[in-house]
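Working notes, structure below.
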Amino acid sequence: MKIGIVGGGFMGLTLAHEIAKTNATVKVFESAAQMGGLSTHEDYGPFIWDRFYHVILPTDNFLIDLIDDLGLGDKLCWRRSYTGYYVQKKFYSISSSKEFLLFPALNLWDKAMLAFTIFYGSKIKDWKKLEKITVEDWLIKMGGRATYEKFWSPLLLAKLGENHKKVSAVFIWSYIKRLFQARSSAAQKEHMGYIEGGYKTFFDTLQNNLHEKGSEISLNSVVQNVKANPQGGVTVTCDDKEEHFDKVIFTSPLNILSKVANPDLFESSKPDAPVEYLGVICLVLITKNSLTPYYVLNIADKEIPFTGVIGMSSLVDLDQTSGEHLTYFPKYVSANDPYWKKSDEELKSLFLEGVSKLYPDFDTNDIVSAHLHKALKVQPLQVLNYSETIPDVKTKHKDFYILNTSQFVNDTLNNNTVVNHVEKFVTQFKTESNLQ
Ligand SMILES: Cc1cc2nc3c(=O)[nH]c(=O)nc-3n(C[C@H](O)[C@H](O)[C@H](O)COP(=O)(O)OP(=O)(O)OC[C@H]3O[C@@H](n4cnc5c(N)ncnc54)[C@H](O)[C@@H]3O)c2cc1C
C-alpha cells in the first residue's frame, strides 16, 4: 500500500515513521527545503540548532518513547533549568519551591492563593467548563488580582502576547498540567531536556530509518492539489506532476487544506470561519557571553517589545553551540498585528533596543550574529468555547484523512501532544487499512 503525507513538519514525519513500520510505503511532501516545519533547524554559522526554541519535559512520555524508538535515548540530555520573572524592573528566580516561597513580588496570602490555583487547576477533570471563561477572569477569580498581575500575566504574555485576553481558561489548565509536573517530585526543582544536536538529529535519524524501509521525504515539494482518483485512492499534484496513492493524510494547517484539497475530499461546518492562529516573531542572538541564567524569563513590561527571553545556553551544554551563547527573544502576535508590516531590519533594531533596556550592561560588541525568524501560523488560539467554535473539518472520502494541531482542543501545542495524537490516529488507521 502506498501512503502520501502532505506536510513534513513534526506531525507529518512522526506519522510517516509510525506508518513505515507496517507493510506500507510512505512519501512525505514538504514544501520547504528542509524537514521539520516549526521544529526545523537553522544554520547559525559555527553551529546548527533549532530555528525556534524547543525543550523536552520529563513528563513528555510519548515523545521520550519515540526518541528511544529512534535509538536516540542516549542523546537525550537532562539538565537543571531555571525560570525567571521580570517584574517592576527586577529579576526574580522562581525555580524551586524555596524560591517560590521567597518570591518578594507576592505576599504570603498571594502565594497561598497561587498555590491553591495550581493545586485546584491540576485536579480539574472537566475542562469543558473552563472553555466558558477567559483565562484572565478565571485566574483572578481563583487567585486574586495581585497574583494575576505579578505572576500569571507575565507568563501569559510570554506564551500568547496580548492575545491572552481572548483565550479561555483551558489554556492555563493544560499548561499547569504540563509544566508544573516538570518539577521533579523529590527535589521540587525543574529539569528539562534536549537532544544532542537539536531536533536536526531527530529528523536526520527519522529520515534514514524511512529510507531503509523504502519510504521517502520529498523536500521543496509544494503540494498544489489533492483530489479523489476515479479509480480509487487519492491523487496528489506537485511540481505539475500527478502521483496516485492508496491513501493520503493531510497534516498542514487548515488554511492550506482549503487551498489545495478538492471540495469532494472534505467538508467544513464553517468554511468561511477560519481558525484564528497565533504567529511568532523571534530575535535570536548568538553572543560571546551569557545573557541570562534562566531557560525562560517571563516579562511583564510594556517598554520591552518581546514577551520572554529563552536562554537556550542556560540549558544546553556550550559544546553544542561552539562555545557561544544562544538566546531567543520571542513575541507572539496575531495575524493582523502591525508588527508583521515592519521590515526585518526594523524589527531587529526594535528588539535590540529592548535587549539593552532589559540588560543595561549589555554590550552590542558581544553579539556574534543576530537572526530574525518569523512564523505566521504557529498555534490556533484557544478562544472561548474553542471546541464548539472550530469548524468541524471532516473528510468526505474514505482514502483521505486530516490530522493537524487545530484538533487539539484541550492541550497546549507541543511535540509530546503531537506524538500522542499521531499514535492514536495510527492505531485506528492500521485497523481500517488492514496494515500489519
Ligand atoms: C516558538 C516556538 C516554540 C516552541 N517550543 C516548543 C517546545 O519547547 N516544546 C515542544 O514540544 N514544542 C514546541 N513548539 C511546538 C512545535 O514546534 C510544534 O508542536 C510542531 O512543530 C508542530 O508540527 P506540525 O507538523 O503539526 O506543524 P508544522 O511544523 O507547521 O508543519 C506543517 C508542515 O506543512 C508544510 N506545508 C505547508 N503547506 C504545504 C504544501 N502545500 N505542500 C507541502 N507541505 C506544506 C509546512 O512547510 C510545514 O513543514 C514550539 C513552537 C514554536 C513556534
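By convention in this document, the chains of the C-alpha cells carry letters A, B, ... by their order, each chain's residues are numbered from 1, and ligands are numbered from 1 in the order they are shown.
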
Could you give me, as CSV, a per-residue list for chain A showing, wherever an atom lies at most 7 Å from an atom of ligand 1, the closest pair of atoms and their distance in Å to one decimal, using only C-alpha atoms and all ligand atoms and sorting by chain then residue number from low to high?
```
residue,atom,partner,partner_atom_place_in_ligand_line,distance
A:Val6,CA,ligand 1,43 (C),5.2
A:Gly7,CA,ligand 1,34 (O),3.4
A:Gly8,CA,ligand 1,49 (O),4.7
A:Gly9,CA,ligand 1,25 (O),3.4
A:Phe10,CA,ligand 1,25 (O),4.0
A:Met11,CA,ligand 1,25 (O),3.7
A:Gly12,CA,ligand 1,25 (O),5.4
A:Phe29,CA,ligand 1,43 (C),5.0
A:Glu30,CA,ligand 1,44 (N),3.9
A:Ser31,CA,ligand 1,44 (N),4.0
A:Ala32,CA,ligand 1,47 (O),5.0
A:Met35,CA,ligand 1,49 (O),6.6
A:Gly36,CA,ligand 1,49 (O),5.5
A:Gly37,CA,ligand 1,49 (O),3.1
A:Leu38,CA,ligand 1,29 (O),3.8
A:Ser39,CA,ligand 1,21 (O),4.3
A:Phe52,CA,ligand 1,1 (C),4.7
A:Tyr53,CA,ligand 1,3 (C),5.0
A:His54,CA,ligand 1,8 (O),3.4
A:Val55,CA,ligand 1,8 (O),4.0
A:Ile56,CA,ligand 1,9 (N),5.8
A:Ser221,CA,ligand 1,43 (C),5.8
A:Val222,CA,ligand 1,42 (N),3.8
A:Val223,CA,ligand 1,42 (N),3.8
A:Gln224,CA,ligand 1,41 (N),6.0
A:Thr251,CA,ligand 1,32 (C),6.2
A:Ser252,CA,ligand 1,34 (O),4.1
A:Pro253,CA,ligand 1,32 (C),6.5
A:Ile256,CA,ligand 1,38 (N),5.8
A:Val260,CA,ligand 1,41 (N),6.7
A:Val280,CA,ligand 1,1 (C),6.3
A:Pro330,CA,ligand 1,1 (C),6.9
A:Ala375,CA,ligand 1,53 (C),6.8
A:Val378,CA,ligand 1,53 (C),5.2
A:Asn404,CA,ligand 1,26 (O),5.6
A:Thr405,CA,ligand 1,26 (O),5.3
A:Leu413,CA,ligand 1,19 (O),5.1
A:Asn414,CA,ligand 1,11 (O),3.5
A:Asn415,CA,ligand 1,11 (O),3.7
A:Asn416,CA,ligand 1,11 (O),5.6
A:Val418,CA,ligand 1,19 (O),6.1
```

query: Leaving out Tyr294 (chain A) and any residue of its chain fewer than 2 positions from it, which residues lie within 7 Å of it when counting only C-alpha atoms, given as an MDAnalysis selection string?
result: chainID A and resid 81:84 292 296:297 311 314

Go ahead and dump the residues you just picked, C-alpha atoms, as a compact mmCIF listing (two decimals), in the first residue's frame.
```
# COMPACT_ATOMS: atom_id res chain seq x y z
CA SER A 81 16.62 24.52 34.43
CA TYR A 82 15.67 27.88 35.86
CA THR A 83 12.63 30.09 35.41
CA GLY A 84 12.81 33.83 35.98
CA THR A 292 20.51 35.12 31.16
CA VAL A 296 12.56 31.08 30.48
CA LEU A 297 12.33 34.64 31.64
CA GLY A 311 18.23 31.31 27.42
CA SER A 314 21.43 28.09 30.25
```

task: Figure out the distance between CA of Gly214 (chain A) and CA of Leu72 (chain A), please, to one decimal in Å.
output: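 Straight-line distance from CA of Leu72 (chain A) to CA of Gly214 (chain A) works out to 21.2 Å.
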
task: Write out as an MDAnalysis selection string the residues lying within 10 Å of Phe91 (chain A), counting only C-alpha atoms and excluding same-chain residues fewer than 3 positions away.
output: chainID A and resid 84:88 94 297:299 358

message: I need the residues of region 316-403 of chain A that end up classed as alpha helix (DSSP H) by DSSP on the backbone, written out as a ChimeraX atom specification.
response: /A:344-358,386-389

- request: Work out how far CA of Ile304 (chain A) is from CA of Glu190 (chain A), in Å to one decimal.
  value: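 CA of Ile304 (chain A) lies at a distance of 26.3 Å from CA of Glu190 (chain A).
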
Residue nearest Ser343 (chain A) - candidates A:Leu326, A:Leu15, A:Leu108, A:Ile281, atoms counted: only C-alpha atoms: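 With only C-alpha atoms as the atom set, the closest residue is A:Ile281.
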